[in-house]
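Colleague: Input file: start-v4.cif. Contents: mmCIF, C-alpha atoms.
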```
data_start
#
loop_
_atom_site.label_atom_id
_atom_site.label_comp_id
_atom_site.auth_asym_id
_atom_site.auth_seq_id
_atom_site.Cartn_x
_atom_site.Cartn_y
_atom_site.Cartn_z
CA MET I 1 0.00 0.00 0.00
CA ASN I 2 1.36 3.42 -0.93
CA ILE I 3 2.26 6.13 1.55
CA ILE I 4 -0.15 8.25 -0.48
CA LYS I 5 -2.98 6.01 -1.63
CA LYS I 6 -5.02 8.54 -3.49
CA ILE I 7 -4.45 12.14 -4.45
CA ASN I 8 -6.70 14.00 -6.86
CA ILE I 9 -4.30 15.76 -9.19
CA VAL I 10 -6.59 18.72 -9.59
CA CYS I 11 -6.03 21.75 -7.40
CA ALA I 12 -8.49 23.40 -5.07
CA LEU I 13 -8.47 27.08 -5.90
CA THR I 14 -11.85 28.07 -4.50
CA GLY I 15 -13.24 27.19 -1.13
CA GLY I 16 -9.94 25.85 0.20
CA ILE I 17 -8.60 22.33 0.55
CA LEU I 18 -9.96 19.79 2.99
CA LEU I 19 -7.58 17.15 4.31
CA SER I 20 -9.53 14.02 5.10
CA SER I 21 -8.69 10.53 6.32
CA CYS I 22 -11.95 9.00 5.08
CA ASP I 23 -10.96 5.92 3.10
CA SER I 24 -7.26 6.35 2.58
CA TYR I 25 -4.18 7.34 4.49
CA LEU I 26 -3.93 10.69 2.79
CA ASP I 27 -6.94 11.78 0.80
CA ILE I 28 -6.98 15.29 -0.58
CA GLN I 29 -10.53 16.35 -1.36
CA PRO I 30 -10.65 19.41 -3.61
CA VAL I 31 -13.47 21.90 -3.45
CA GLY I 32 -14.05 23.91 -6.62
CA LYS I 33 -11.84 21.97 -9.03
CA VAL I 34 -9.64 23.90 -11.43
CA ILE I 35 -6.65 22.50 -13.27
CA PRO I 36 -3.94 25.15 -12.69
CA ASN I 37 -2.31 26.85 -15.64
CA THR I 38 -1.62 30.46 -14.77
CA LEU I 39 0.79 31.99 -12.31
CA SER I 40 -2.08 33.15 -10.10
CA GLU I 41 -3.55 29.65 -10.01
CA TYR I 42 -0.21 28.09 -9.07
CA ARG I 43 0.28 30.83 -6.48
CA ALA I 44 -3.09 29.83 -5.00
CA LEU I 45 -1.93 26.22 -4.91
CA LEU I 46 1.26 27.10 -3.04
CA THR I 47 -0.72 29.35 -0.69
CA SER I 48 -2.81 26.28 0.21
CA ALA I 49 0.42 24.44 0.96
CA TYR I 50 1.65 27.31 3.14
CA GLY I 51 -1.70 27.21 4.96
CA THR I 52 -1.46 23.58 6.05
CA LYS I 53 -1.13 23.63 9.84
CA LEU I 54 1.90 21.75 11.11
CA ASN I 55 2.16 22.15 14.89
CA ASP I 56 4.46 19.29 15.91
CA ARG I 57 7.33 21.58 16.88
CA GLY I 58 5.17 23.11 19.59
CA VAL I 59 4.08 19.71 20.89
CA THR I 60 7.68 18.51 21.15
CA GLU I 61 8.28 21.14 23.84
CA PHE I 62 6.41 18.83 26.24
CA ARG I 63 9.24 16.31 25.80
CA THR I 64 11.83 18.86 26.97
CA ASP I 65 12.87 20.47 30.23
CA ILE I 66 11.08 23.77 29.62
CA ALA I 67 7.39 22.86 29.49
CA LYS I 68 4.91 20.81 31.48
CA VAL I 69 1.30 19.81 30.87
CA THR I 70 -1.48 21.41 32.88
CA SER I 71 -3.37 19.22 35.33
CA GLY I 72 -6.67 19.43 33.43
CA ALA I 73 -8.11 16.05 32.44
CA THR I 74 -8.34 16.89 28.73
CA ALA I 75 -4.76 18.14 28.53
CA GLN I 76 -3.49 15.18 30.52
CA ASN I 77 -5.29 12.70 28.29
CA TYR I 78 -3.97 14.38 25.16
CA TYR I 79 -0.37 15.22 26.11
CA ALA I 80 0.70 13.37 29.30
CA ASP I 81 2.22 10.38 27.51
CA ILE I 82 4.18 12.75 25.28
CA GLU I 83 5.49 14.56 28.36
CA GLN I 84 6.47 11.20 29.88
CA TRP I 85 8.11 9.90 26.66
CA ASN I 86 5.66 6.98 26.65
CA ASP I 87 5.66 6.40 22.90
CA ILE I 88 4.99 2.67 22.75
CA ASN I 89 2.04 2.10 25.08
CA SER I 90 0.40 5.50 25.01
CA LYS I 91 -3.26 5.62 25.96
CA ASP I 92 -6.10 6.16 23.54
CA GLY I 93 -6.61 9.83 22.85
CA THR I 94 -2.92 10.74 22.99
CA ARG I 95 -2.10 13.39 20.43
CA GLU I 96 -0.31 11.78 17.48
CA PHE I 97 2.57 13.41 15.64
CA PHE I 98 1.87 14.19 12.00
CA TRP I 99 3.02 12.37 8.90
CA GLY I 100 0.55 12.68 6.05
CA PRO I 101 0.12 16.47 6.19
CA TYR I 102 3.88 16.93 5.66
CA TYR I 103 3.80 14.86 2.51
CA SER I 104 0.70 16.71 1.37
CA VAL I 105 2.67 19.97 1.48
CA ILE I 106 5.59 18.32 -0.30
CA TYR I 107 3.19 17.07 -2.98
CA TYR I 108 1.92 20.59 -3.65
CA ALA I 109 5.47 21.93 -3.78
CA ASN I 110 6.38 19.18 -6.25
CA ALA I 111 3.33 20.04 -8.35
CA VAL I 112 4.61 23.61 -8.76
CA ILE I 113 8.17 22.47 -9.44
CA SER I 114 7.19 19.83 -11.99
CA LYS I 115 5.05 22.27 -13.98
CA LYS I 116 7.42 25.23 -13.86
CA GLU I 117 7.90 25.26 -17.63
CA GLU I 118 4.14 25.27 -18.26
CA ILE I 119 3.02 28.18 -16.05
CA THR I 120 1.38 30.92 -18.09
CA GLU I 121 0.29 34.56 -17.70
CA GLY I 122 3.11 35.71 -15.50
CA SER I 123 6.54 37.28 -15.83
CA GLN I 124 9.52 34.94 -15.75
CA GLU I 125 10.78 36.75 -12.65
CA ASP I 126 7.53 36.10 -10.76
CA ILE I 127 7.39 32.49 -11.96
CA ASP I 128 10.96 31.98 -10.77
CA GLN I 129 10.05 33.48 -7.37
CA LEU I 130 7.11 31.09 -7.00
CA VAL I 131 9.09 28.03 -8.06
CA GLY I 132 11.96 29.03 -5.78
CA GLU I 133 9.54 29.19 -2.84
CA ALA I 134 8.29 25.71 -3.75
CA TYR I 135 11.85 24.35 -3.67
CA LEU I 136 12.53 25.96 -0.30
CA LEU I 137 9.21 24.78 1.13
CA ARG I 138 9.90 21.22 -0.03
CA GLY I 139 13.34 21.34 1.55
CA TYR I 140 12.03 22.80 4.80
CA ILE I 141 9.31 20.16 5.20
CA HIS I 142 11.85 17.39 4.64
CA PHE I 143 14.01 19.14 7.26
CA LEU I 144 11.19 19.01 9.80
CA LEU I 145 10.47 15.37 9.03
CA VAL I 146 14.08 14.21 9.32
CA ASN I 147 14.43 16.00 12.66
CA LEU I 148 11.30 14.38 14.01
CA TYR I 149 11.77 10.85 12.68
CA GLY I 150 15.47 10.54 11.85
CA GLN I 151 18.48 10.38 14.14
CA PRO I 152 20.33 13.68 14.73
CA TYR I 153 22.89 14.34 12.01
CA THR I 154 25.54 15.17 14.63
CA LYS I 155 25.25 11.82 16.40
CA SER I 156 28.08 9.44 15.58
CA GLY I 157 27.06 7.14 12.73
CA ALA I 158 23.65 8.80 12.34
CA PRO I 159 24.08 10.14 8.78
CA ASP I 160 24.12 6.57 7.45
CA THR I 161 20.98 5.46 9.33
CA LYS I 162 17.52 5.22 7.73
CA SER I 163 15.18 8.12 8.42
CA ILE I 164 12.22 9.21 6.27
CA PRO I 165 11.26 8.82 2.61
CA LEU I 166 12.52 11.56 0.34
CA LYS I 167 9.78 12.61 -2.07
CA TRP I 168 10.85 14.57 -5.15
CA ASN I 169 8.22 13.48 -7.67
CA LEU I 170 4.48 13.20 -8.29
CA ASP I 171 4.43 9.44 -8.82
CA LEU I 172 1.35 8.23 -6.95
CA GLU I 173 2.08 4.57 -7.64
CA GLU I 174 5.48 4.67 -5.97
CA THR I 175 5.92 2.93 -2.64
CA PRO I 176 8.72 5.00 -1.15
CA SER I 177 11.36 3.54 1.13
CA ARG I 178 13.26 5.42 3.79
CA ASN I 179 16.36 7.37 2.84
CA THR I 180 19.37 7.84 5.07
CA VAL I 181 19.75 10.97 7.17
CA LYS I 182 22.60 12.10 4.93
CA GLU I 183 20.59 11.56 1.75
CA VAL I 184 17.78 13.70 3.12
CA TYR I 185 20.14 16.47 4.23
CA ASP I 186 21.88 16.42 0.85
CA ALA I 187 18.49 16.85 -0.82
CA ILE I 188 17.61 19.71 1.54
CA LEU I 189 20.85 21.52 0.73
CA SER I 190 20.20 20.97 -2.97
CA ASP I 191 16.75 22.54 -2.65
CA ILE I 192 18.23 25.50 -0.78
CA GLN I 193 20.79 26.04 -3.51
CA THR I 194 18.22 25.81 -6.28
CA ALA I 195 15.91 28.21 -4.44
CA ARG I 196 18.81 30.66 -4.09
CA GLY I 197 19.02 30.97 -7.87
CA LEU I 198 15.29 31.62 -8.26
CA ILE I 199 14.03 33.68 -5.31
CA HIS I 200 14.55 37.44 -5.69
CA GLN I 201 12.13 38.95 -3.15
CA LYS I 202 14.21 40.23 -0.21
CA GLU I 203 11.25 40.90 2.07
CA TRP I 204 7.47 40.76 1.72
CA GLU I 205 4.94 43.26 2.99
CA THR I 206 3.52 42.15 6.33
CA LYS I 207 0.43 40.40 4.98
CA TYR I 208 2.65 38.14 2.84
CA SER I 209 5.34 37.59 5.47
CA TYR I 210 4.57 33.86 5.46
CA ARG I 211 6.20 33.58 2.03
CA PHE I 212 9.86 32.71 1.63
CA SER I 213 12.32 35.41 0.58
CA THR I 214 16.02 35.77 -0.18
CA LEU I 215 16.58 36.23 3.55
CA SER I 216 14.67 32.98 4.16
CA VAL I 217 17.13 31.10 1.96
CA ASP I 218 20.13 32.14 4.04
CA ALA I 219 18.23 31.81 7.33
CA MET I 220 17.31 28.24 6.46
CA GLU I 221 20.85 27.38 5.44
CA SER I 222 22.07 28.91 8.70
CA ARG I 223 19.86 26.51 10.67
CA VAL I 224 20.38 23.43 8.52
CA ARG I 225 24.17 23.79 8.60
CA LEU I 226 24.03 24.36 12.37
CA TYR I 227 22.13 21.11 12.83
CA MET I 228 24.82 19.37 10.80
CA GLY I 229 27.64 20.79 12.88
CA ASP I 230 28.91 22.51 9.72
CA TRP I 231 30.08 25.56 11.64
CA GLU I 232 31.83 27.43 8.84
CA ASN I 233 28.90 27.37 6.44
CA SER I 234 26.37 28.05 9.19
CA TYR I 235 28.40 31.08 10.28
CA ASP I 236 28.71 32.38 6.71
CA ALA I 237 24.96 31.99 6.06
CA SER I 238 24.13 33.68 9.36
CA LYS I 239 26.37 36.63 8.58
CA ARG I 240 24.75 37.02 5.16
CA VAL I 241 21.40 37.37 6.88
CA LEU I 242 22.65 39.82 9.49
CA THR I 243 24.34 41.94 6.83
CA GLU I 244 20.91 42.48 5.25
CA LYS I 245 18.75 42.47 8.39
CA SER I 246 20.09 42.80 11.93
CA THR I 247 17.24 44.50 13.79
CA LEU I 248 16.22 43.28 17.25
CA GLU I 249 13.34 44.13 19.56
CA ASN I 250 14.65 45.94 22.64
CA LEU I 251 12.62 44.57 25.53
CA ASN I 252 13.60 47.55 27.66
CA ASN I 253 11.31 49.59 25.43
CA SER I 254 7.74 49.28 26.71
CA GLU I 255 6.44 49.61 23.15
CA SER I 256 8.52 46.72 21.82
CA LYS I 257 6.74 43.67 20.44
CA LEU I 258 7.43 40.07 21.31
CA PRO I 259 10.18 39.01 18.91
CA ASN I 260 8.15 36.17 17.35
CA ASN I 261 5.22 38.44 16.53
CA PHE I 262 4.69 38.30 12.76
CA SER I 263 5.03 42.09 12.58
CA SER I 264 8.13 42.26 14.80
CA VAL I 265 11.24 44.02 13.48
CA GLU I 266 12.98 40.64 13.91
CA MET I 267 10.68 38.72 11.62
CA ILE I 268 12.20 37.12 8.53
CA THR I 269 9.56 34.50 7.72
CA ALA I 270 6.21 34.14 9.54
CA TYR I 271 5.25 30.79 8.01
CA GLU I 272 4.62 28.31 10.84
CA ASN I 273 1.90 28.44 13.45
CA ILE I 274 4.01 26.64 16.05
CA TYR I 275 1.20 26.09 18.57
CA THR I 276 -2.49 25.37 18.32
CA ASP I 277 -4.64 27.16 20.88
CA ASP I 278 -5.19 23.78 22.50
CA ALA I 279 -1.49 22.98 22.93
CA SER I 280 -0.79 26.51 24.08
CA SER I 281 -3.47 26.41 26.77
CA ALA I 282 -2.14 23.02 27.93
CA SER I 283 1.42 24.35 28.35
CA LEU I 284 2.99 25.64 31.54
CA LEU I 285 6.54 26.86 32.05
CA SER I 286 8.55 24.40 34.11
CA PRO I 287 9.31 25.94 37.53
CA PHE I 288 12.87 24.65 37.18
CA PHE I 289 13.37 26.40 33.85
CA LEU I 290 11.91 29.64 35.22
CA LYS I 291 15.05 29.89 37.34
CA GLU I 292 17.08 30.33 34.14
CA TYR I 293 15.71 33.87 33.87
CA GLU I 294 17.38 36.19 36.38
CA ASP I 295 14.72 38.15 38.22
CA ASN I 296 14.94 41.94 37.79
CA LYS I 297 17.74 41.49 35.22
CA ASP I 298 16.37 39.37 32.38
CA MET I 299 13.45 41.21 30.77
CA ARG I 300 12.17 38.00 29.20
CA ARG I 301 10.93 36.73 32.55
CA SER I 302 8.16 39.33 32.57
CA ARG I 303 7.76 39.84 28.81
CA TYR I 304 7.74 36.23 27.62
CA TYR I 305 5.57 34.90 30.46
CA THR I 306 2.47 35.77 32.46
CA ILE I 307 1.04 34.22 35.64
CA ASN I 308 -2.35 32.49 35.36
CA ASP I 309 -5.07 32.23 38.00
CA ASP I 310 -3.43 29.13 39.50
CA GLY I 311 -0.11 30.93 39.97
CA ASP I 312 1.62 29.08 37.14
CA TYR I 313 3.75 30.76 34.50
CA VAL I 314 2.45 30.48 30.93
CA SER I 315 4.05 31.61 27.70
CA SER I 316 2.91 34.86 26.09
CA LYS I 317 4.51 33.88 22.79
CA SER I 318 2.39 30.97 21.61
CA GLY I 319 -1.05 30.03 20.35
CA ALA I 320 -2.38 33.00 18.41
CA ALA I 321 -1.79 33.34 14.67
CA GLN I 322 0.04 36.61 15.28
CA PHE I 323 2.93 34.48 16.56
CA ASN I 324 3.48 32.57 13.34
CA CYS I 325 7.24 32.36 13.08
CA THR I 326 9.78 30.28 11.20
CA PHE I 327 12.89 32.49 11.01
CA ARG I 328 13.74 35.66 12.96
CA THR I 329 16.93 37.58 13.59
CA GLY I 330 17.16 36.62 17.27
CA GLU I 331 17.73 33.01 16.24
CA ILE I 332 20.25 34.04 13.58
CA TYR I 333 22.38 35.91 16.14
CA LEU I 334 22.45 32.74 18.23
CA ASN I 335 23.25 30.53 15.24
CA ALA I 336 26.13 32.82 14.29
CA ALA I 337 27.43 33.03 17.88
CA GLU I 338 27.39 29.25 18.35
CA ALA I 339 29.12 28.62 15.03
CA ALA I 340 31.72 31.32 15.70
CA ALA I 341 32.46 29.86 19.14
CA HIS I 342 33.02 26.40 17.67
CA LEU I 343 35.34 27.97 15.09
CA ASN I 344 37.27 29.55 17.98
CA LYS I 345 36.31 33.03 16.79
CA LEU I 346 35.68 33.94 20.40
CA PRO I 347 35.64 37.77 20.14
CA GLU I 348 33.09 37.51 17.33
CA ALA I 349 31.01 34.94 19.23
CA ARG I 350 30.95 37.17 22.31
CA LYS I 351 30.01 40.21 20.22
CA LEU I 352 27.08 38.43 18.60
CA LEU I 353 25.79 36.97 21.86
CA LEU I 354 26.11 40.29 23.70
CA LYS I 355 24.25 42.12 20.94
CA LEU I 356 21.23 39.93 21.62
CA MET I 357 21.65 40.16 25.38
CA GLU I 358 21.81 43.95 25.26
CA ASN I 359 18.25 43.88 23.95
CA ARG I 360 17.00 41.32 26.47
CA TYR I 361 18.52 42.39 29.82
CA THR I 362 18.14 45.53 31.88
CA PRO I 363 21.10 47.94 31.48
CA THR I 364 22.48 46.86 34.87
CA GLY I 365 21.88 43.18 34.14
CA TYR I 366 23.57 43.52 30.77
CA ILE I 367 26.73 45.07 32.21
CA GLN I 368 27.04 42.18 34.62
CA LYS I 369 26.51 39.63 31.84
CA GLU I 370 28.99 41.45 29.60
CA ASN I 371 31.74 41.22 32.21
CA VAL I 372 31.14 37.51 32.74
CA ILE I 373 30.89 36.59 29.06
CA ASN I 374 34.03 38.50 28.09
CA SER I 375 36.02 36.30 30.48
CA MET I 376 34.61 32.96 29.27
CA THR I 377 36.77 30.28 27.67
CA GLN I 378 35.59 28.52 24.52
CA ASP I 379 33.81 25.57 26.16
CA VAL I 380 32.14 27.74 28.78
CA LEU I 381 31.06 30.23 26.12
CA ILE I 382 29.48 27.50 23.97
CA THR I 383 27.55 26.26 27.01
CA GLU I 384 26.36 29.80 27.75
CA ILE I 385 25.24 30.32 24.14
CA LEU I 386 23.16 27.15 24.33
CA LYS I 387 21.61 28.29 27.62
CA GLU I 388 20.85 31.67 26.09
CA ARG I 389 19.33 29.89 23.10
CA ALA I 390 17.00 27.97 25.42
CA ARG I 391 15.94 31.15 27.22
CA GLU I 392 15.44 33.14 24.02
CA LEU I 393 13.67 30.54 21.87
CA ALA I 394 11.56 28.82 24.54
CA PHE I 395 8.03 28.00 23.34
CA GLU I 396 8.96 28.61 19.71
CA GLY I 397 9.52 24.94 18.89
CA HIS I 398 13.34 24.84 19.02
CA ARG I 399 14.19 23.18 22.31
CA TRP I 400 13.60 19.51 21.39
CA PHE I 401 15.59 19.82 18.19
CA ASP I 402 18.39 21.64 20.02
CA LEU I 403 18.62 18.94 22.69
CA ARG I 404 18.76 16.29 19.94
CA ARG I 405 21.52 17.92 17.93
CA THR I 406 23.73 18.75 20.93
CA THR I 407 24.20 16.54 23.98
CA ARG I 408 20.90 14.60 24.19
CA PRO I 409 21.09 14.96 27.98
CA ARG I 410 19.42 12.98 30.72
CA ILE I 411 16.10 14.58 31.70
CA GLU I 412 14.23 13.59 34.85
CA LYS I 413 10.67 14.68 35.64
CA GLU I 414 8.63 14.34 38.82
CA LEU I 415 4.99 14.22 37.78
CA ASN I 416 2.10 13.39 40.11
CA GLY I 417 4.41 11.58 42.50
CA ASN I 418 6.07 9.49 39.80
CA THR I 419 9.55 9.80 38.32
CA TYR I 420 10.09 9.65 34.57
CA VAL I 421 13.55 9.55 32.98
CA LEU I 422 14.81 10.16 29.47
CA ALA I 423 18.32 8.73 29.60
CA GLU I 424 21.31 10.41 28.02
CA ASP I 425 21.34 9.66 24.29
CA ASP I 426 18.05 7.79 24.74
CA ALA I 427 16.57 6.19 21.60
CA ARG I 428 13.39 8.17 22.36
CA TYR I 429 15.17 11.33 21.24
CA THR I 430 13.99 10.13 17.82
CA LEU I 431 10.22 9.75 17.39
CA ARG I 432 8.68 6.56 16.10
CA ILE I 433 7.04 6.86 12.69
CA PRO I 434 3.26 7.00 13.31
CA GLN I 435 1.51 3.64 13.19
CA ALA I 436 -0.98 4.91 10.61
CA ALA I 437 1.90 5.58 8.22
CA ILE I 438 3.37 2.11 8.85
CA ASP I 439 -0.03 0.51 8.29
CA ALA I 440 -0.25 2.34 4.96
CA ASN I 441 3.33 1.41 4.00
CA PRO I 442 4.84 -1.48 6.02
CA GLY I 443 8.10 -0.88 4.17
CA LEU I 444 8.71 2.06 6.52
CA LEU I 445 9.81 -0.50 9.12
CA ASN I 446 12.83 -1.42 6.97
#
```
Just give me the structure as structure tokens.
Modeller:
Amino acid sequence: MNIIKKINIVCALTGGILLSSCDSYLDIQPVGKVIPNTLSEYRALLTSAYGTKLNDRGVTEFRTDIAKVTSGATAQNYYADIEQWNDINSKDGTREFFWGPYYSVIYYANAVISKKEEITEGSQEDIDQLVGEAYLLRGYIHFLLVNLYGQPYTKSGAPDTKSIPLKWNLDLEETPSRNTVKEVYDAILSDIQTARGLIHQKEWETKYSYRFSTLSVDAMESRVRLYMGDWENSYDASKRVLTEKSTLENLNNSESKLPNNFSSVEMITAYENIYTDDASSASLLSPFFLKEYEDNKDMRRSRYYTINDDGDYVSSKSGAAQFNCTFRTGEIYLNAAEAAAHLNKLPEARKLLLKLMENRYTPTGYIQKENVINSMTQDVLITEILKERARELAFEGHRWFDLRRTTRPRIEKELNGNTYVLAEDDARYTLRIPQAAIDANPGLLN
């Protein structure tokens, strides 16, 4: 049985696209069928792909040390087994990680790419822009998949292990097998490079900020190379971004926006809705992680979090559509700092880290941090950058992936009187492919 059993090859350009699991693993039911020909029709198709909600990054925060699930019965039934890393015998009703929707987006991207020579009624420049976005979207979705269901690239031996199927065509009869981690990353880098030669839009007006731009290309390469431990190329890509866009929200300014707000001065690409309202309302800040924010010094303690009626800290950054965010400059500063530190460019690493900190700490708190950071050795500085990354990017869907690509540390949780442990380098740092996908394609077990 195919991973995609049935896909109508017509495109829904009116009324939207409904994703259904009626009688097949992935069944795309179009409403208002139009076979696309023109640039505007293919743009509508790619907009549908952009609009597919993929919220797994937010859910993975429950598996980390920064978030915990509220005590409500609904939240506990839906997320408790995820929080406890109980992936094999999870109870009925546990929220499942996605599979089919990712390949649906990839299919739409492939549809644009495969028909690039046939698109009519548009300038070549605008057609190139659209096709370039499709390449980058295809690469980004494969990147999410391989970081959910493949071993971390930086783990010894991991690049040669099987991960997820790479899908670069529209063949609906194909039964895809899993590619190695390295094969998937090579394909991602290829898509980035192809997109670089096609995308020309540096930035979009706010209402189109979900679309990929020239800055998105370098921002994505910055992250992908970082996850590979390719410090030189990650640093170079990060610096290309910061040369073009280096603005940061200064949290000391009462009128500043949260950095992951889609209209923030930091925003590069506001594509992903990291959290559903449901997952957001089920999330609490871990009391242990709260201690990472220095009271009266770190502005993020009061700006990134609020206290609910039960006295628990909850994130202010997640849930609403206004916090759609894929790439922003705050992350790029951290990518560049980490890469520079690994390259032993310590003055540059300190400069990049302190630039971010200057906009996150009170003036007094910043001076104290500046003195400490300027005296750090390489190893200590790298550790501090990773801690700062956790503080800055909490509840934006980065923490699980960061833990995977770095040390895969031991995490212990005390929940309702029981102790749960994720051992160092635990196999559960890589998610199991969903059973529904295996049922549809048993070859995914190989």
Colleague: Quick one: apply the PyMOL selection byres ((chain I and resi 362) around 9) to the file and drop the selected residues here as a compact mmCIF listing (two decimals) with C-alpha atoms, in the coordinates of the input.
Modeller:
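Dumped everything to out14.txt:
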```
# COMPACT_ATOMS: atom_id res chain seq x y z
CA LEU I 251 12.62 44.57 25.53
CA ASN I 252 13.60 47.55 27.66
CA ASN I 296 14.94 41.94 37.79
CA LYS I 297 17.74 41.49 35.22
CA ASP I 298 16.37 39.37 32.38
CA MET I 299 13.45 41.21 30.77
CA GLU I 358 21.81 43.95 25.26
CA ASN I 359 18.25 43.88 23.95
CA ARG I 360 17.00 41.32 26.47
CA TYR I 361 18.52 42.39 29.82
CA PRO I 363 21.10 47.94 31.48
CA THR I 364 22.48 46.86 34.87
CA GLY I 365 21.88 43.18 34.14
CA TYR I 366 23.57 43.52 30.77
CA ILE I 367 26.73 45.07 32.21
```
Colleague: Find the residues near Arg391 in chain I: any atom within 10 Å, counting only C-alpha atoms, skip ones fewer than 2 places away on the same chain, and give them as a VMD selection string.
Modeller: chain I and resid 66 289 to 290 292 to 293 298 300 to 301 304 385 to 389 393 to 395 399
Colleague: Go through I:Glu133, I:Asp236, I:Asp65, I:Glu83 one by one, measure the shortest atom-to-atom distance of each to Tyr42 in chain I using only C-alpha atoms, and give the residue with the smallest value.
Modeller: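 The shortest atom-to-atom distance to Tyr42 in chain I comes from I:Glu133.
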Colleague: I need the output of the PyMOL selection byres ((chain I and resi 55) around 10) for this file as a PyMOL selection string; which residues are they?
Modeller: chain I and resi 52-54+56-60+97-98+272-276+279+397
Colleague: Mind listing as a ChimeraX atom specification all residues within 10 Å of (13.3, 33.2, 16.7), counting only C-alpha atoms?
Modeller: /I:259-261,266-269,325-334,389,392-398
Colleague: Within 6 Å of range 312-317 of chain I, counting all atoms listed in the file, which residues show up once you throw out same-chain ones fewer than 6 positions away? Write them as a JSON list (two decimals) with C-alpha atoms, in the frame of the given file, please.
Modeller:
```
[["chain", "number", "residue", "atom", "x", "y", "z"],
["I", 284, "LEU", "CA", 2.99, 25.64, 31.54],
["I", 285, "LEU", "CA", 6.54, 26.86, 32.05],
["I", 304, "TYR", "CA", 7.74, 36.23, 27.62],
["I", 305, "TYR", "CA", 5.57, 34.90, 30.46],
["I", 306, "THR", "CA", 2.47, 35.77, 32.46]]
```
Colleague: Please evaluate the PyMOL selection byres ((chain I and resi 150-152) around 9) against the structure above and give the resulting residues as a PDB file with C-alpha atoms, keeping the file's coordinate frame.
Modeller:
```pdb
ATOM      1  CA  LEU I 145      10.470  15.370   9.030  1.00  0.00           C
ATOM      2  CA  VAL I 146      14.080  14.210   9.320  1.00  0.00           C
ATOM      3  CA  ASN I 147      14.430  16.000  12.660  1.00  0.00           C
ATOM      4  CA  LEU I 148      11.300  14.380  14.010  1.00  0.00           C
ATOM      5  CA  TYR I 149      11.770  10.850  12.680  1.00  0.00           C
ATOM      6  CA  TYR I 153      22.890  14.340  12.010  1.00  0.00           C
ATOM      7  CA  THR I 154      25.540  15.170  14.630  1.00  0.00           C
ATOM      8  CA  LYS I 155      25.250  11.820  16.400  1.00  0.00           C
ATOM      9  CA  SER I 156      28.080   9.440  15.580  1.00  0.00           C
ATOM     10  CA  ALA I 158      23.650   8.800  12.340  1.00  0.00           C
ATOM     11  CA  PRO I 159      24.080  10.140   8.780  1.00  0.00           C
ATOM     12  CA  THR I 161      20.980   5.460   9.330  1.00  0.00           C
ATOM     13  CA  LYS I 162      17.520   5.220   7.730  1.00  0.00           C
ATOM     14  CA  SER I 163      15.180   8.120   8.420  1.00  0.00           C
ATOM     15  CA  ILE I 164      12.220   9.210   6.270  1.00  0.00           C
ATOM     16  CA  THR I 180      19.370   7.840   5.070  1.00  0.00           C
ATOM     17  CA  VAL I 181      19.750  10.970   7.170  1.00  0.00           C
ATOM     18  CA  TYR I 227      22.130  21.110  12.830  1.00  0.00           C
ATOM     19  CA  MET I 228      24.820  19.370  10.800  1.00  0.00           C
ATOM     20  CA  PHE I 401      15.590  19.820  18.190  1.00  0.00           C
ATOM     21  CA  ARG I 404      18.760  16.290  19.940  1.00  0.00           C
ATOM     22  CA  ARG I 405      21.520  17.920  17.930  1.00  0.00           C
ATOM     23  CA  THR I 406      23.730  18.750  20.930  1.00  0.00           C
ATOM     24  CA  ALA I 427      16.570   6.190  21.600  1.00  0.00           C
ATOM     25  CA  TYR I 429      15.170  11.330  21.240  1.00  0.00           C
ATOM     26  CA  THR I 430      13.990  10.130  17.820  1.00  0.00           C
ATOM     27  CA  LEU I 431      10.220   9.750  17.390  1.00  0.00           C
ATOM     28  CA  ARG I 432       8.680   6.560  16.100  1.00  0.00           C
TER      29      ARG I 432
END
```
Colleague: For CA of Ala270 in chain I and CA of Glu205 in chain I, determine how far apart the two atoms are, in Å to one decimal place.
Modeller: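 Taking CA of Ala270 in chain I and CA of Glu205 in chain I, their separation equals 11.3 Å.
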Colleague: Calculated over all atoms listed in the file, which of the candidates I:Phe143, I:Tyr102, I:Tyr50, I:Phe62 has the smallest distance to Val224 in chain I?
Modeller: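 Of I:Phe143, I:Tyr102, I:Tyr50, I:Phe62, the one nearest Val224 in chain I, counting all atoms listed in the file, is I:Phe143.
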Colleague: From the set I:Tyr235, I:Ala437, I:Phe323, I:Met220, which residue has the shortest atom-to-atom contact distance to Ser264 in chain I, counting only C-alpha atoms?
Modeller: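 Selected residue with least distance to Ser264 in chain I: I:Phe323.
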Colleague: Rounded to one decimal, what separation in Å do you get between CA of Asp402 in chain I and CA of Arg196 in chain I?
Modeller: 25.7 Å
Colleague: Go ahead and compute the interatomic distance for CA of Leu403 in chain I and CA of Thr74 in chain I, in Å to one decimal.
Modeller: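 The value is 27.7 Å.
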